[in-house]
>>> print(open('model.cif').read())   # mmCIF, C-alpha atoms
data_run
loop_
_atom_site.label_atom_id
_atom_site.label_comp_id
_atom_site.auth_asym_id
_atom_site.auth_seq_id
_atom_site.Cartn_x
_atom_site.Cartn_y
_atom_site.Cartn_z
CA MET A 1 35.93 48.45 3.58
CA LYS A 2 34.20 46.79 0.64
CA ILE A 3 36.49 43.76 0.93
CA GLY A 4 35.71 43.41 4.65
CA THR A 5 31.96 43.57 4.01
CA GLY A 6 32.27 40.93 1.30
CA LEU A 7 34.17 38.60 3.62
CA LEU A 8 31.57 39.14 6.31
CA ILE A 9 28.73 38.21 3.92
CA LEU A 10 30.65 35.17 2.66
CA THR A 11 31.33 33.99 6.20
CA ALA A 12 27.68 34.41 7.16
CA GLY A 13 26.64 32.46 4.07
CA ILE A 14 28.96 29.60 4.93
CA MET A 15 27.61 29.51 8.47
CA LEU A 16 24.02 29.32 7.20
CA LEU A 17 24.98 26.54 4.80
CA LEU A 18 26.59 24.54 7.57
CA GLU A 19 23.57 25.03 9.79
CA GLY A 20 21.37 23.67 6.98
CA CYS A 21 23.17 20.31 7.09
CA GLY A 22 21.66 19.43 10.46
CA HIS A 23 19.62 20.71 13.36
CA ALA A 24 20.22 21.03 17.06
CA ASP A 25 18.94 18.28 19.35
CA GLY A 26 17.49 18.94 22.80
CA SER A 27 20.97 19.52 24.27
CA GLY A 28 21.81 22.16 21.69
CA ARG A 29 24.25 19.90 19.82
CA GLN A 30 24.12 19.65 16.04
CA HIS A 31 22.28 16.63 14.65
CA GLU A 32 23.82 14.89 11.65
CA ALA A 33 20.95 14.29 9.23
CA ARG A 34 20.36 10.58 8.64
CA LEU A 35 19.36 9.24 5.26
CA PHE A 36 16.35 6.93 4.82
CA GLY A 37 15.10 5.24 1.65
CA ALA A 38 11.58 4.27 0.60
CA THR A 39 10.35 2.30 -2.40
CA TYR A 40 6.83 1.20 -3.29
CA MET A 41 5.67 -1.15 -6.03
CA THR A 42 4.08 1.80 -7.83
CA ARG A 43 3.15 5.43 -7.24
CA ASN A 44 0.29 5.03 -9.73
CA ASN A 45 -1.90 4.23 -6.72
CA PRO A 46 -2.51 7.31 -4.49
CA TYR A 47 -2.51 4.96 -1.49
CA PHE A 48 1.28 4.84 -1.61
CA ASP A 49 1.57 8.63 -1.85
CA VAL A 50 -0.32 8.94 1.44
CA LEU A 51 1.68 6.13 3.05
CA ASN A 52 4.88 7.91 2.01
CA GLU A 53 3.59 11.18 3.48
CA GLY A 54 3.12 9.42 6.82
CA ILE A 55 6.75 8.26 6.79
CA GLU A 56 8.02 11.62 5.57
CA GLU A 57 6.24 13.54 8.35
CA VAL A 58 8.10 11.59 11.02
CA VAL A 59 11.47 11.60 9.23
CA GLU A 60 11.45 15.33 8.55
CA ALA A 61 10.28 16.09 12.10
CA ASN A 62 13.48 14.39 13.24
CA GLY A 63 15.60 16.54 10.94
CA ASP A 64 16.41 13.63 8.63
CA ILE A 65 16.06 12.98 4.89
CA LEU A 66 13.86 10.52 2.97
CA LEU A 67 14.72 9.35 -0.55
CA THR A 68 11.77 7.86 -2.45
CA ARG A 69 11.81 5.67 -5.56
CA ASP A 70 9.09 4.34 -7.91
CA PRO A 71 9.94 1.10 -9.78
CA LEU A 72 6.71 1.17 -11.82
CA GLN A 73 5.74 -2.45 -10.97
CA ASP A 74 9.15 -3.74 -12.16
CA GLN A 75 10.95 -5.85 -9.54
CA GLU A 76 14.28 -5.81 -11.35
CA LYS A 77 14.10 -2.02 -11.46
CA GLN A 78 13.21 -1.90 -7.78
CA ASN A 79 16.22 -4.04 -6.91
CA GLU A 80 18.46 -1.68 -8.88
CA GLN A 81 16.96 1.39 -7.20
CA ILE A 82 17.49 -0.13 -3.75
CA GLN A 83 21.16 -0.74 -4.58
CA GLU A 84 21.46 2.88 -5.72
CA MET A 85 20.01 4.10 -2.42
CA ILE A 86 22.41 1.84 -0.52
CA ASP A 87 25.28 3.41 -2.46
CA GLU A 88 23.93 6.86 -1.54
CA GLY A 89 24.26 5.97 2.13
CA ILE A 90 20.80 5.14 3.48
CA GLN A 91 20.70 3.70 7.01
CA MET A 92 17.17 2.33 6.81
CA LEU A 93 14.84 1.25 3.98
CA PHE A 94 11.04 1.32 3.98
CA LEU A 95 10.12 -1.43 1.52
CA ASN A 96 6.91 -2.31 -0.30
CA PRO A 97 8.00 -4.99 -2.80
CA VAL A 98 6.72 -5.46 -6.33
CA ASP A 99 7.18 -9.23 -6.02
CA TRP A 100 7.41 -10.80 -2.57
CA GLU A 101 9.92 -13.43 -3.79
CA LYS A 102 11.96 -11.71 -6.50
CA VAL A 103 12.88 -8.86 -4.14
CA GLN A 104 15.35 -11.24 -2.44
CA PRO A 105 18.53 -9.84 -4.12
CA ALA A 106 17.69 -6.43 -2.68
CA LEU A 107 17.14 -7.94 0.78
CA ASP A 108 20.54 -9.60 0.53
CA ALA A 109 22.18 -6.35 -0.58
CA CYS A 110 20.71 -4.49 2.41
CA ARG A 111 21.91 -7.17 4.79
CA GLU A 112 25.45 -7.02 3.39
CA ALA A 113 25.46 -3.21 3.64
CA GLY A 114 24.04 -3.14 7.17
CA VAL A 115 20.87 -1.36 6.06
CA GLY A 116 17.81 -2.17 8.15
CA ILE A 117 14.46 -2.84 6.45
CA ILE A 118 10.97 -1.92 7.60
CA ASN A 119 8.54 -3.90 5.42
CA VAL A 120 5.27 -2.04 4.76
CA ASP A 121 1.88 -3.11 3.34
CA THR A 122 3.02 -6.21 1.40
CA VAL A 123 5.05 -8.85 3.23
CA VAL A 124 8.26 -10.24 1.73
CA LYS A 125 8.74 -14.01 1.65
CA ASP A 126 12.00 -13.88 3.62
CA ARG A 127 10.68 -12.36 6.85
CA ASP A 128 13.99 -12.93 8.62
CA SER A 129 15.54 -10.25 6.40
CA VAL A 130 13.38 -7.44 7.79
CA ILE A 131 13.31 -5.75 11.18
CA SER A 132 9.55 -5.29 11.31
CA ILE A 133 6.44 -5.72 9.16
CA ILE A 134 3.66 -3.12 9.31
CA GLU A 135 0.45 -3.72 7.38
CA THR A 136 -3.33 -3.71 7.53
CA ASP A 137 -4.98 -6.93 8.67
CA ASN A 138 -5.52 -7.96 5.06
CA TYR A 139 -7.11 -11.30 5.92
CA GLN A 140 -9.73 -9.44 7.96
CA ALA A 141 -10.29 -7.01 5.08
CA GLY A 142 -11.27 -9.92 2.83
CA GLN A 143 -13.50 -11.38 5.52
CA LEU A 144 -15.38 -8.09 5.89
CA CYS A 145 -16.18 -7.98 2.16
CA ALA A 146 -17.44 -11.58 2.23
CA LEU A 147 -19.61 -10.99 5.30
CA ASP A 148 -21.19 -7.90 3.76
CA MET A 149 -21.89 -9.79 0.53
CA MET A 150 -23.51 -12.64 2.46
CA LYS A 151 -25.84 -10.19 4.18
CA ARG A 152 -26.99 -8.91 0.79
CA LYS A 153 -27.21 -12.16 -1.19
CA ASP A 154 -28.21 -15.72 -0.28
CA GLU A 155 -26.20 -17.02 -3.24
CA ALA A 156 -23.67 -15.55 -5.62
CA LYS A 157 -21.39 -16.22 -8.57
CA ILE A 158 -18.18 -14.40 -7.82
CA VAL A 159 -15.32 -12.97 -9.86
CA ILE A 160 -12.04 -12.34 -7.99
CA LEU A 161 -9.45 -10.02 -9.51
CA ASN A 162 -6.25 -10.70 -7.59
CA ASN A 163 -2.46 -10.31 -7.83
CA PRO A 164 -0.57 -13.48 -6.79
CA ILE A 165 2.84 -11.76 -6.41
CA GLN A 166 1.41 -9.30 -3.84
CA THR A 167 0.85 -10.93 -0.44
CA SER A 168 -1.50 -8.21 0.82
CA ILE A 169 -3.96 -8.97 -1.99
CA THR A 170 -3.41 -12.73 -1.63
CA ASN A 171 -4.30 -12.55 2.07
CA ARG A 172 -7.42 -10.50 1.31
CA GLU A 173 -8.51 -13.10 -1.19
CA GLN A 174 -7.88 -15.90 1.32
CA GLY A 175 -9.92 -14.14 4.00
CA PHE A 176 -12.81 -13.82 1.55
CA LEU A 177 -12.57 -17.45 0.40
CA ASP A 178 -12.34 -18.88 3.91
CA THR A 179 -15.46 -16.94 4.94
CA ILE A 180 -17.60 -18.45 2.16
CA ALA A 181 -15.90 -21.87 2.16
CA ASP A 182 -18.64 -23.78 4.02
CA ASN A 183 -21.52 -22.47 1.91
CA ASP A 184 -21.99 -23.96 -1.55
CA ASN A 185 -24.38 -21.16 -2.48
CA TYR A 186 -21.37 -18.89 -3.03
CA GLN A 187 -19.24 -19.97 -5.99
CA VAL A 188 -16.10 -18.39 -7.43
CA VAL A 189 -16.58 -18.68 -11.19
CA TYR A 190 -13.50 -16.72 -12.33
CA ARG A 191 -10.16 -15.61 -10.89
CA GLU A 192 -7.57 -13.56 -12.73
CA ALA A 193 -4.55 -11.39 -11.91
CA ALA A 194 -5.16 -7.68 -12.44
CA ALA A 195 -1.87 -6.23 -11.10
CA GLY A 196 -3.65 -4.02 -8.57
CA GLU A 197 -4.05 -1.29 -11.18
CA ILE A 198 -7.16 0.26 -12.70
CA GLU A 199 -6.03 0.02 -16.33
CA VAL A 200 -5.05 -3.67 -16.10
CA SER A 201 -8.24 -4.54 -14.26
CA SER A 202 -10.36 -2.82 -16.89
CA HIS A 203 -8.73 -4.89 -19.65
CA VAL A 204 -9.12 -8.13 -17.66
CA MET A 205 -12.79 -7.45 -17.04
CA ALA A 206 -13.41 -6.48 -20.66
CA ASP A 207 -11.92 -9.83 -21.68
CA LEU A 208 -14.14 -11.66 -19.20
CA LEU A 209 -17.25 -9.95 -20.55
CA ARG A 210 -16.52 -11.43 -23.99
CA ARG A 211 -16.82 -14.92 -22.49
CA ASP A 212 -19.99 -16.80 -21.58
CA ILE A 213 -19.52 -16.54 -17.80
CA SER A 214 -22.37 -15.50 -15.53
CA PHE A 215 -21.52 -13.54 -12.35
CA ASP A 216 -23.10 -11.06 -9.97
CA VAL A 217 -20.29 -10.18 -7.52
CA ILE A 218 -16.79 -8.80 -8.10
CA LEU A 219 -14.06 -8.70 -5.46
CA GLY A 220 -11.19 -6.42 -6.43
CA GLY A 221 -7.88 -6.97 -4.66
CA ASN A 222 -7.78 -3.23 -4.00
CA ASP A 223 -9.86 -0.16 -4.86
CA PRO A 224 -8.17 0.58 -8.22
CA THR A 225 -8.87 -3.01 -9.30
CA ALA A 226 -12.54 -2.70 -8.37
CA LEU A 227 -12.85 0.66 -10.15
CA GLY A 228 -11.22 -0.76 -13.27
CA ALA A 229 -13.80 -3.55 -13.28
CA LEU A 230 -16.59 -1.00 -12.89
CA ALA A 231 -15.27 1.00 -15.86
CA ALA A 232 -15.36 -2.08 -18.08
CA LEU A 233 -18.86 -3.01 -16.91
CA GLN A 234 -20.15 0.50 -17.59
CA GLN A 235 -18.51 0.54 -21.00
CA ALA A 236 -20.37 -2.68 -21.84
CA LYS A 237 -23.54 -1.50 -20.06
CA ARG A 238 -23.38 -4.60 -17.84
CA GLU A 239 -23.10 -3.07 -14.36
CA GLU A 240 -26.76 -3.54 -13.38
CA GLY A 241 -27.21 -5.98 -10.49
CA VAL A 242 -23.48 -6.58 -9.87
CA LEU A 243 -22.06 -6.06 -6.37
CA ILE A 244 -18.55 -4.58 -6.52
CA TYR A 245 -16.14 -4.66 -3.58
CA GLY A 246 -12.77 -2.98 -3.23
CA ILE A 247 -10.21 -2.83 -0.43
CA ASP A 248 -8.50 0.45 0.55
CA GLY A 249 -11.14 3.03 1.44
CA SER A 250 -9.68 5.48 -1.06
CA PRO A 251 -11.28 8.88 -1.73
CA ASP A 252 -11.97 7.88 -5.36
CA PHE A 253 -13.79 4.72 -4.32
CA LYS A 254 -15.80 6.47 -1.61
CA ALA A 255 -16.93 9.13 -4.10
CA ILE A 256 -18.19 6.38 -6.44
CA LEU A 257 -19.75 4.57 -3.47
CA ASP A 258 -21.60 7.75 -2.55
CA VAL A 259 -23.47 7.71 -5.88
CA GLY A 260 -24.21 3.99 -5.64
CA TYR A 261 -22.06 2.49 -8.42
CA VAL A 262 -20.07 0.22 -6.08
CA THR A 263 -21.02 -1.74 -2.95
CA GLY A 264 -18.32 -1.45 -0.31
CA THR A 265 -14.64 -1.26 0.58
CA SER A 266 -12.59 -2.56 3.50
CA ALA A 267 -10.74 0.57 4.56
CA GLN A 268 -7.07 1.00 5.35
CA SER A 269 -5.17 3.95 6.83
CA PRO A 270 -1.99 4.37 4.78
CA ARG A 271 -0.92 7.44 6.75
CA SER A 272 -1.12 5.44 10.00
CA ILE A 273 0.91 2.63 8.44
CA GLY A 274 3.54 5.13 7.29
CA ARG A 275 3.79 6.86 10.65
CA LYS A 276 3.95 3.57 12.52
CA ALA A 277 6.69 2.34 10.16
CA ALA A 278 8.80 5.46 10.70
CA GLU A 279 8.30 5.42 14.47
CA THR A 280 9.36 1.76 14.52
CA ALA A 281 12.49 2.60 12.51
CA TYR A 282 13.52 5.29 14.99
CA ARG A 283 12.95 3.03 17.97
CA TYR A 284 15.18 0.43 16.34
CA LEU A 285 17.91 2.99 15.57
CA ASP A 286 17.74 4.16 19.19
CA GLY A 287 18.41 0.60 20.36
CA GLU A 288 14.91 -0.06 21.64
CA PRO A 289 13.08 -3.37 21.09
CA VAL A 290 10.51 -3.35 18.27
CA GLU A 291 7.63 -5.63 17.36
CA LYS A 292 8.36 -8.05 14.52
CA TYR A 293 4.81 -7.82 13.16
CA ILE A 294 2.30 -4.98 13.52
CA SER A 295 -1.20 -5.35 12.09
CA LEU A 296 -3.69 -2.48 11.89
CA PRO A 297 -7.44 -3.29 11.74
CA SER A 298 -9.62 -2.76 8.68
CA THR A 299 -13.09 -1.19 8.68
CA MET A 300 -15.95 -1.93 6.26
CA ILE A 301 -17.38 1.13 4.51
CA THR A 302 -20.71 0.94 2.68
CA ARG A 303 -23.32 3.56 1.81
CA ASP A 304 -24.95 2.79 5.17
CA ASN A 305 -22.03 4.19 7.18
CA LEU A 306 -20.27 6.37 4.60
CA HIS A 307 -21.42 9.48 6.49
CA GLU A 308 -19.05 8.50 9.31
CA PHE A 309 -16.01 8.94 7.03
CA GLU A 310 -14.41 11.78 5.11
CA ILE A 311 -15.18 11.07 1.46
CA ASP A 312 -12.37 13.13 -0.07
CA GLY A 313 -9.69 11.97 2.38
CA TRP A 314 -8.13 8.80 3.75
CA GLN A 315 -8.89 7.30 7.13
#
>>> encode(input="model.cif", output="structure tokens")
Amino acid sequence: MKIGTGLLILTAGIMLLLEGCGHADGSGRQHEARLFGATYMTRNNPYFDVLNEGIEEVVEANGDILLTRDPLQDQEKQNEQIQEMIDEGIQMLFLNPVDWEKVQPALDACREAGVGIINVDTVVKDRDSVISIIETDNYQAGQLCALDMMKRKDEAKIVILNNPIQTSITNREQGFLDTIADNDNYQVVYREAAAGEIEVSSHVMADLLRRDISFDVILGGNDPTALGALAALQQAKREEGVLIYGIDGSPDFKAILDVGYVTGTSAQSPRSIGRKAAETAYRYLDGEPVEKYISLPSTMITRDNLHEFEIDGWQ
């Protein structure tokens, strides 16, 4: 009797284990869980955590699995991690590259393995290697910052903290520059790469403050860059009279905006980007046509309209 009970428990356990490997579809048949991969230039920026959550919500709702990797701003490491995920059997990759050009070996590896790529937030140079690109209208985001600045100041000396290997930031910068291009009253007096990270930006700004360069506006390529610049200015007690713009609409930036230390941010919705990316991937896997390029609009947030947004959350 004891042996029979033990076999019964063992059999039940095996059945539960097998059921855990998939879920039933609408017809009652078992669904074989599909494996997806995701890699972002860094997880040091909370923006990418929220973007990943948007993807994960859709993937898990379909009974599938998402592997996520963080290359820590190292393109060689990202390429290696992508190859590892290919070896683990991913069918689709959600890719935010560290370097839009040096990611090419990983694009080639995916093509050879038959792994589809959905490119999110930062566009790769070789667009033919990806199924679809989903990002914020980054050019518009830069325009919005410039237009707000021009409403506040008739002339300005501007510092731009960019990141040339990241196309999203490059396009933001270009939108800003094109908006002020026909007005000589607005001059860019300094441009420097700040890696899109708060710590790097703080060091870059601290170095600038040791030079004899006059400025009264800072455009950060993203919110962490702008907040890093603010930290350096406050450390040097030089923040008075300087307009500071970021791009993201992050909770951290909006909290600082609420107390008046920064000027404005062109907001993104990383969760919407993530969900749209995952939905596009499923449409492609189901054999449906998908858009090659999907751009989501940006919204300018200043203290004047901050009450319309949730400060401690993303859009």
>>> closest_residue(input="model.cif", among="A:Gln143, A:Thr263, A:Thr302, A:Ser250", to="A:Asp178", atoms="all atoms listed in the file")
A:Gln143
>>> resolve_selection(input="model.cif", expression="the PyMOL selection byres ((chain A and resi 273) around 9)", output="list in words")
Leu51, Gly54, Ile55, Val120, Asp121, Ile134, Glu135, Thr136, Gln268, Ser269, Pro270, Arg271, Ser272, Gly274, Arg275, Lys276, Ala277, Ala278 and Leu296 of chain A
>>> closest_atom_pairs(input="model.cif", of="stretch 59-166 of chain A", to="stretch 207-216 of chain A", cutoff="7 Å", atoms="all atoms listed in the file", output="tab-separated table")
residue	atom	partner	partner_atom	distance
A:Ala156	CA	A:Asp216	CA	6.3
A:Lys157	CA	A:Phe215	CA	4.6
A:Ile158	CA	A:Phe215	CA	5.7
A:Val159	CA	A:Phe215	CA	6.7
>>> residues_around(input="model.cif", residues="A:Asn222", least_positions_apart="5", cutoff="12 Å", atoms="all atoms listed in the file", output="NGL selection string")
:A and (45-47 or 138 or 141-142 or 145 or 160-163 or 166 or 168-173 or 193-198 or 201 or 227-229 or 244-250 or 252-253 or 264-268)
>>> atom_distance(input="model.cif", atom1="atom CA of A:Leu67", atom2="atom CA of A:Gln104")
20.7 Å
>>> residues_around(input="model.cif", residues="A:Leu233", least_positions_apart="3", cutoff="9 Å", atoms="only C-alpha atoms", output="VMD selection string")
chain A and resid 202 205 to 206 209 228 to 230 236 to 240
>>> resolve_selection(input="model.cif", expression="the PyMOL selection byres ((chain A and resi 96-99) around 9)", output="NGL selection string")
:A and (38-42 or 71-75 or 78 or 94-95 or 100-103 or 118-124 or 164-167)
>>> closest_residue(input="model.cif", among="A:Ile131, A:Leu285, A:Leu144, A:Val58", to="A:Ile180", atoms="only C-alpha atoms")
A:Leu144
>>> atom_distance(input="model.cif", atom1="atom CA of A:Ser132", atom2="atom CA of A:Glu291")
6.4 Å
>>> closest_residue(input="model.cif", among="A:Glu56, A:Gln315, A:Ala109, A:Asp137", to="A:Ile294", atoms="only C-alpha atoms")
A:Asp137
>>> resolve_selection(input="model.cif", expression="the PyMOL selection byres ((chain A and resi 312) around 12)", output="count of residues only")
18
>>> closest_residue(input="model.cif", among="A:Ile301, A:Leu93, A:Val242, A:Ala113", to="A:Ile218", atoms="all atoms listed in the file")
A:Val242
>>> atom_distance(input="model.cif", atom1="atom CA of A:Met300", atom2="atom CA of A:Val200")
24.9 Å
>>> residues_around(input="model.cif", residues="A:Glu60", least_positions_apart="6", cutoff="12 Å", atoms="only C-alpha atoms", output="list in words")
Gly22, His23, Ala33, Arg34, Leu35, Phe36, Asn52, Glu53, Gly54, Leu66, Leu67, Arg275, Ala278 and Glu279 of chain A
>>> build_atoms(input="model.cif", residues="stretch 174-190 of chain A", atoms="N, CA, C and O atoms", output="compact mmCIF listing (two decimals), in the frame of the given file")
# COMPACT_ATOMS: atom_id res chain seq x y z
N GLN A 174 -7.74 -14.73 0.46
CA GLN A 174 -7.88 -15.90 1.32
C GLN A 174 -8.91 -15.67 2.42
O GLN A 174 -9.70 -16.55 2.75
N GLY A 175 -8.92 -14.46 2.99
CA GLY A 175 -9.92 -14.14 4.00
C GLY A 175 -11.33 -14.24 3.45
O GLY A 175 -12.25 -14.74 4.11
N PHE A 176 -11.50 -13.75 2.22
CA PHE A 176 -12.81 -13.82 1.55
C PHE A 176 -13.20 -15.27 1.30
O PHE A 176 -14.32 -15.69 1.62
N LEU A 177 -12.27 -16.05 0.75
CA LEU A 177 -12.57 -17.45 0.40
C LEU A 177 -12.87 -18.30 1.63
O LEU A 177 -13.78 -19.13 1.62
N ASP A 178 -12.11 -18.09 2.69
CA ASP A 178 -12.34 -18.88 3.91
C ASP A 178 -13.71 -18.57 4.52
O ASP A 178 -14.35 -19.45 5.12
N THR A 179 -14.17 -17.35 4.36
CA THR A 179 -15.46 -16.94 4.94
C THR A 179 -16.64 -17.61 4.22
O THR A 179 -17.65 -17.93 4.85
N ILE A 180 -16.50 -17.83 2.93
CA ILE A 180 -17.60 -18.45 2.16
C ILE A 180 -17.41 -19.95 1.97
O ILE A 180 -18.25 -20.62 1.36
N ALA A 181 -16.30 -20.50 2.49
CA ALA A 181 -15.90 -21.87 2.16
C ALA A 181 -16.95 -22.93 2.50
O ALA A 181 -17.09 -23.92 1.78
N ASP A 182 -17.69 -22.75 3.58
CA ASP A 182 -18.64 -23.78 4.02
C ASP A 182 -20.04 -23.61 3.45
O ASP A 182 -20.97 -24.28 3.89
N ASN A 183 -20.19 -22.72 2.49
CA ASN A 183 -21.52 -22.47 1.91
C ASN A 183 -21.45 -22.61 0.40
O ASN A 183 -20.89 -21.76 -0.29
N ASP A 184 -22.04 -23.68 -0.12
CA ASP A 184 -21.99 -23.96 -1.55
C ASP A 184 -22.81 -22.97 -2.38
O ASP A 184 -22.73 -22.99 -3.63
N ASN A 185 -23.60 -22.15 -1.74
CA ASN A 185 -24.38 -21.16 -2.48
C ASN A 185 -23.50 -20.04 -3.05
O ASN A 185 -23.95 -19.28 -3.92
N TYR A 186 -22.28 -19.94 -2.55
CA TYR A 186 -21.37 -18.89 -3.03
C TYR A 186 -20.24 -19.57 -3.81
O TYR A 186 -19.43 -20.32 -3.25
N GLN A 187 -20.20 -19.31 -5.10
CA GLN A 187 -19.24 -19.97 -5.99
C GLN A 187 -18.35 -18.95 -6.69
O GLN A 187 -18.84 -17.95 -7.23
N VAL A 188 -17.05 -19.21 -6.66
CA VAL A 188 -16.10 -18.39 -7.43
C VAL A 188 -16.05 -18.97 -8.84
O VAL A 188 -15.64 -20.12 -9.04
N VAL A 189 -16.48 -18.18 -9.81
CA VAL A 189 -16.58 -18.68 -11.19
C VAL A 189 -15.40 -18.20 -12.05
O VAL A 189 -15.20 -18.71 -13.16
N TYR A 190 -14.62 -17.23 -11.53
CA TYR A 190 -13.50 -16.72 -12.33
C TYR A 190 -12.51 -16.02 -11.42
O TYR A 190 -12.91 -15.24 -10.53
